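One structure is given here, and the rest of the page talks about it.
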Amino acid sequence: MAEKHAPDLLVDVQGVGYEVQVSLTTYFDLPALGEPVTLHTHFVVRDDAQLLYGFATLAERALFRVLIKVTGVGPKMALTILSGMPPQEFARCVRNNDVAALIKLPGVGRKTAERLVVEMKDRLDAWPADEAAATSSQPSQKSGNAAAEEAEHALVALGYKPQEAARMVSAAARELGEDAASEALIRGALKSMVKK
């Protein structure tokens, strides 16, 4: 991996650099720069672009592929949903008709959340209810300000407004400490939004 700035990566594959967009769940599990990385990918071809999306697990990629089949949900929104909650949490929300939890994700309004619950209900029947979340992440060694800026940038890339991202990261920093890693700040900010 040559570069990483959530949610974008530059992955070197035998001398060819590929730009890959990943969910924050995958981003947290990435190794350090220069280390080898294995990603499960999904390639999207549009009239104006060719985009590559990467996932740490097959389950995350499978859910991404199901999400983009829902009316009104494109790859960007699917990535935002996967960044806001792990696949098993999303499956729980759909099974329990928890529209309120889905509305807390950026870009997901009431109608979209209701459509997700209705259209995903049958598609998630085979989804394991107790799939364990990947929790291994390597903390960043950035200073507090750099970590906060990176966390804010990642939240803005997910669709949060800059002021809202700054407020969320600031609240997470107060709770976790000013020297918290960017990954911890992002997780803390997203968890606070889901709990509201």
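To be explicit about the labels: the chains of the structure tokens are called A, B, and onward in the order shown, and within each one the residues are counted from 1, while ligands get numbers from 1 in the order they are shown.
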
Determine, counting only C-alpha atoms, which protein, DNA and RNA residues have an atom within 8 Å of an atom of A:Ser23; residues of the same chain fewer than 6 positions away are not included. Present the result as a list in words. Pro7, Gly54, Phe55, Leu79, Thr80, Leu82 and Ser83 of chain A

Write a file of the selected residues as a PDB file, in the first residue's frame, keeping N, CA and C atoms.
```pdb
ATOM      1  N   PRO A   7     -11.352   8.014   2.737  1.00  0.00           N
ATOM      2  CA  PRO A   7     -11.557   6.597   2.440  1.00  0.00           C
ATOM      3  C   PRO A   7     -10.778   6.107   1.219  1.00  0.00           C
ATOM      4  N   GLY A  54     -12.718  -1.447  -2.344  1.00  0.00           N
ATOM      5  CA  GLY A  54     -12.038  -2.545  -1.679  1.00  0.00           C
ATOM      6  C   GLY A  54     -12.613  -2.831  -0.304  1.00  0.00           C
ATOM      7  N   PHE A  55     -12.542  -4.108   0.092  1.00  0.00           N
ATOM      8  CA  PHE A  55     -13.128  -4.542   1.365  1.00  0.00           C
ATOM      9  C   PHE A  55     -12.206  -5.537   2.037  1.00  0.00           C
ATOM     10  N   LEU A  79     -21.045   2.555   0.534  1.00  0.00           N
ATOM     11  CA  LEU A  79     -19.795   2.677   1.285  1.00  0.00           C
ATOM     12  C   LEU A  79     -20.016   3.457   2.579  1.00  0.00           C
ATOM     13  N   THR A  80     -20.849   4.484   2.518  1.00  0.00           N
ATOM     14  CA  THR A  80     -21.175   5.261   3.713  1.00  0.00           C
ATOM     15  C   THR A  80     -21.895   4.399   4.744  1.00  0.00           C
ATOM     16  N   LEU A  82     -21.687   1.121   5.072  1.00  0.00           N
ATOM     17  CA  LEU A  82     -20.717   0.173   5.613  1.00  0.00           C
ATOM     18  C   LEU A  82     -19.706   0.852   6.534  1.00  0.00           C
ATOM     19  N   SER A  83     -19.470   2.145   6.322  1.00  0.00           N
ATOM     20  CA  SER A  83     -18.565   2.886   7.206  1.00  0.00           C
ATOM     21  C   SER A  83     -19.240   3.236   8.522  1.00  0.00           C
TER      22      SER A  83
END
```

Just to confirm, what's the straight-line distance from atom CA of A:Gly188 to atom CA of A:Pro75 in Å (one decimal)?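 About the pair atom CA of A:Gly188 and atom CA of A:Pro75: they are 24.2 Å apart.
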
If you count only C-alpha atoms, the residue of A:His5, A:Leu102, A:Ala173, A:Arg46 closest to A:Gly74 turns out to be A:Arg46

List every residue of stretch 2-173 of chain A that DSSP, applied to the backbone, labels as strand (DSSP E), and write the result as a PyMOL selection string. chain A and resi 3-5+8-13+16-22+40-45+50-55

Would you mind listing what lies within 12 Å of A:Ala157 as a compact mmCIF listing (two decimals) with N, CA and C atoms, in the first residue's frame, with only C-alpha atoms counted and same-chain residues fewer than 5 positions away left out?
```
# COMPACT_ATOMS: atom_id res chain seq x y z
N HIS A 5 -5.49 7.72 2.77
CA HIS A 5 -6.18 8.88 3.31
C HIS A 5 -7.66 8.55 3.24
N ALA A 6 -8.23 8.20 4.37
CA ALA A 6 -9.61 7.69 4.40
C ALA A 6 -10.53 8.57 3.59
N PRO A 7 -11.35 8.01 2.74
CA PRO A 7 -11.56 6.60 2.44
C PRO A 7 -10.78 6.11 1.22
N ASP A 8 -9.76 6.87 0.79
CA ASP A 8 -9.03 6.52 -0.44
C ASP A 8 -7.68 5.87 -0.14
N GLN A 21 -11.31 2.90 -3.19
CA GLN A 21 -12.08 3.50 -2.10
C GLN A 21 -12.52 2.38 -1.17
N VAL A 22 -12.38 2.63 0.14
CA VAL A 22 -12.73 1.61 1.13
C VAL A 22 -13.65 2.21 2.18
N SER A 23 -14.39 1.35 2.85
CA SER A 23 -15.20 1.79 3.98
C SER A 23 -14.27 2.05 5.16
N LEU A 24 -14.74 2.78 6.13
CA LEU A 24 -13.92 3.03 7.31
C LEU A 24 -13.68 1.75 8.10
N LYS A 76 -21.47 5.02 -3.52
CA LYS A 76 -21.04 5.97 -2.49
C LYS A 76 -21.88 5.81 -1.22
N MET A 77 -23.19 5.72 -1.38
CA MET A 77 -24.06 5.55 -0.21
C MET A 77 -23.82 4.19 0.44
N LEU A 79 -21.05 2.56 0.53
CA LEU A 79 -19.79 2.68 1.29
C LEU A 79 -20.02 3.46 2.58
N THR A 80 -20.85 4.48 2.52
CA THR A 80 -21.18 5.26 3.71
C THR A 80 -21.89 4.40 4.74
N SER A 83 -19.47 2.14 6.32
CA SER A 83 -18.56 2.89 7.21
C SER A 83 -19.24 3.24 8.52
N PRO A 106 -25.15 9.40 7.49
CA PRO A 106 -25.24 10.56 6.59
C PRO A 106 -25.81 10.18 5.23
N GLY A 107 -26.71 11.01 4.73
CA GLY A 107 -27.29 10.77 3.42
C GLY A 107 -28.45 9.80 3.39
N GLU A 150 -7.42 14.32 10.21
CA GLU A 150 -7.65 13.13 9.38
C GLU A 150 -9.04 12.55 9.65
N ALA A 151 -9.42 12.53 10.92
CA ALA A 151 -10.75 12.02 11.28
C ALA A 151 -11.85 12.89 10.68
N GLU A 152 -11.69 14.21 10.76
CA GLU A 152 -12.68 15.12 10.18
C GLU A 152 -12.77 14.92 8.67
N PRO A 162 -18.83 19.64 7.10
CA PRO A 162 -17.57 19.93 7.81
C PRO A 162 -17.77 20.35 9.27
N ALA A 165 -18.80 17.30 11.25
CA ALA A 165 -17.65 16.41 11.43
C ALA A 165 -16.72 16.94 12.51
N ILE A 186 -12.55 8.50 14.78
CA ILE A 186 -13.61 8.22 13.80
C ILE A 186 -14.61 7.24 14.39
```

Quick one: of A:Ala56, A:Leu155, A:Val45, A:Asn97, who's nearest to A:Phe28, counting only C-alpha atoms? A:Ala56
